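J.: Right, I'll just put the structure down here and ask away after.
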Amino acid sequence: MKKTAIFPGSFDPYTMGHHDIVMRSLQLFDEVVIGIGYNSTKKNRYFDVEVMVEKIKSVYSETDRVKVVVYNELTSTLAKKLDAQFLIRGLRNTTDFEYENTISQMNRYLNGELETVFLITSPQFAAISSTVIREVHRYGGDVSEFLPYKI
């Protein structure tokens, strides 16, 4: 049976830390679907979602094992639609774990077939967050070192 995992997030922007998680996930799963979700608590995106889709697709243009989708529904519902058995989440610290653990429990309640796999962020990417990257970019700072594509 094909093992499909969804890597959900707002990816505003998609960073080297995210890329690292996807590359490591490809060692565990047959297919990784990067799901760009609309987060109801994040009203306005900094980077346009269509631009981000194209940027992410360009990073994985050499493989057919990574897909990119945009969705506006529960992640557990998307998993059912895509026949995905796994969710991938990257953890930088204990704060991430507390937040992600709560979401994982709810996803499991909503879809009993869905297993969340936590990957600890590689040390060189632990300080990278999309929030910080947005702020640096907003004020003209160079963020190219933190992104796997050019903006």
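Letters A, B, ... go to the chains of the structure tokens in the order shown; residues in each chain start at 1; ligands are counted from 1 in the same order.
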Hey, what's within 6 Å of region 60-77 of chain A if we count only C-alpha atoms and toss same-chain stuff fewer than 3 positions away? As a ChimeraX atom specification, please?

T.: /A:31-38,57,80,107,111

J.: Per residue of region 27-131 of chain A within 6 Å of region 11-18 of chain A, what are the shortest atom pair and its distance in Å to one decimal, counting only C-alpha atoms, with rows by chain and residue number, as a tab-separated table?

T.:
```
residue	atom	partner	partner_atom	distance
A:Phe47	CA	A:Asp12	CA	5.9
A:Phe125	CA	A:Gly17	CA	5.1
A:Ser130	CA	A:Pro13	CA	5.6
```

J.: Would you mind reading off the distance between CA of Glu113 (chain A) and CA of Leu87 (chain A), one decimal, in Å?

T.: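 Calculated distance between CA of Glu113 (chain A) and CA of Leu87 (chain A) is 10.8 Å.
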
J.: Mind checking which residues fall within 10 Å of Asn93 (chain A), counting only C-alpha atoms, ignoring those fewer than 2 positions away in the same chain, and posting them as an NGL selection string?

T.: :A and (90-91 or 95-98 or 120-121 or 126-127)

J.: In terms of the shortest atom-to-atom distance over only C-alpha atoms, which of A:Ile6, A:Pro123, A:Tyr46, A:Thr102 is closest to Arg138 (chain A)?

T.: A:Tyr46

J.: Name the residues of region 16-144 of chain A that come out as strand (DSSP E) in a backbone DSSP run; write them as a list of chain:residue names.

T.: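 Taking region 16-144 of chain A and keeping strand (DSSP E) gives A:Glu31, A:Val32, A:Val33, A:Ile34, A:Gly35, A:Ile36, A:Gly37, A:Val66, A:Lys67, A:Val68, A:Val69, A:Val70, A:Tyr71, A:Phe86, A:Leu87, A:Ile88, A:Arg89, A:Gly90, A:Leu91, A:Glu115, A:Thr116, A:Val117, A:Phe118, A:Leu119, A:Ile120.
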
J.: Which residue out of A:Ala84, A:Leu26, A:Val51, A:Leu110 has the minimum interatomic distance to Thr4 (chain A) when only C-alpha atoms are used?

T.: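 Comparing A:Ala84, A:Leu26, A:Val51, A:Leu110 against Thr4 (chain A), the winner is A:Ala84.
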
J.: Using the chain letters and numbers from this document, which residues of chain A does DSSP assign to alpha helix (DSSP H), as number ranges by chain?

T.: A: 16-25, 49-59, 75-82, 94-110, 130-138

J.: When you look at Leu28 (chain A) with a cut-off of 12 Å (counting only C-alpha atoms), what residues show up, excluding the ones that are within fewer than 3 positions of it in the same chain? I need them as number ranges by chain.

T.: A: 2-5, 21-25, 31-32, 65, 86-88, 117-119

J.: So how far away is CA of Thr116 (chain A) from CA of Asn101 (chain A), in Å?

T.: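 Distance between the two atoms: 9.0 Å.
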
J.: Taking only C-alpha atoms into account, which of A:Lys55, A:Arg89, A:Leu78, A:Glu115 comes nearest Gly9 (chain A)?

T.: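 Result for the nearest residue to Gly9 (chain A): A:Arg89.
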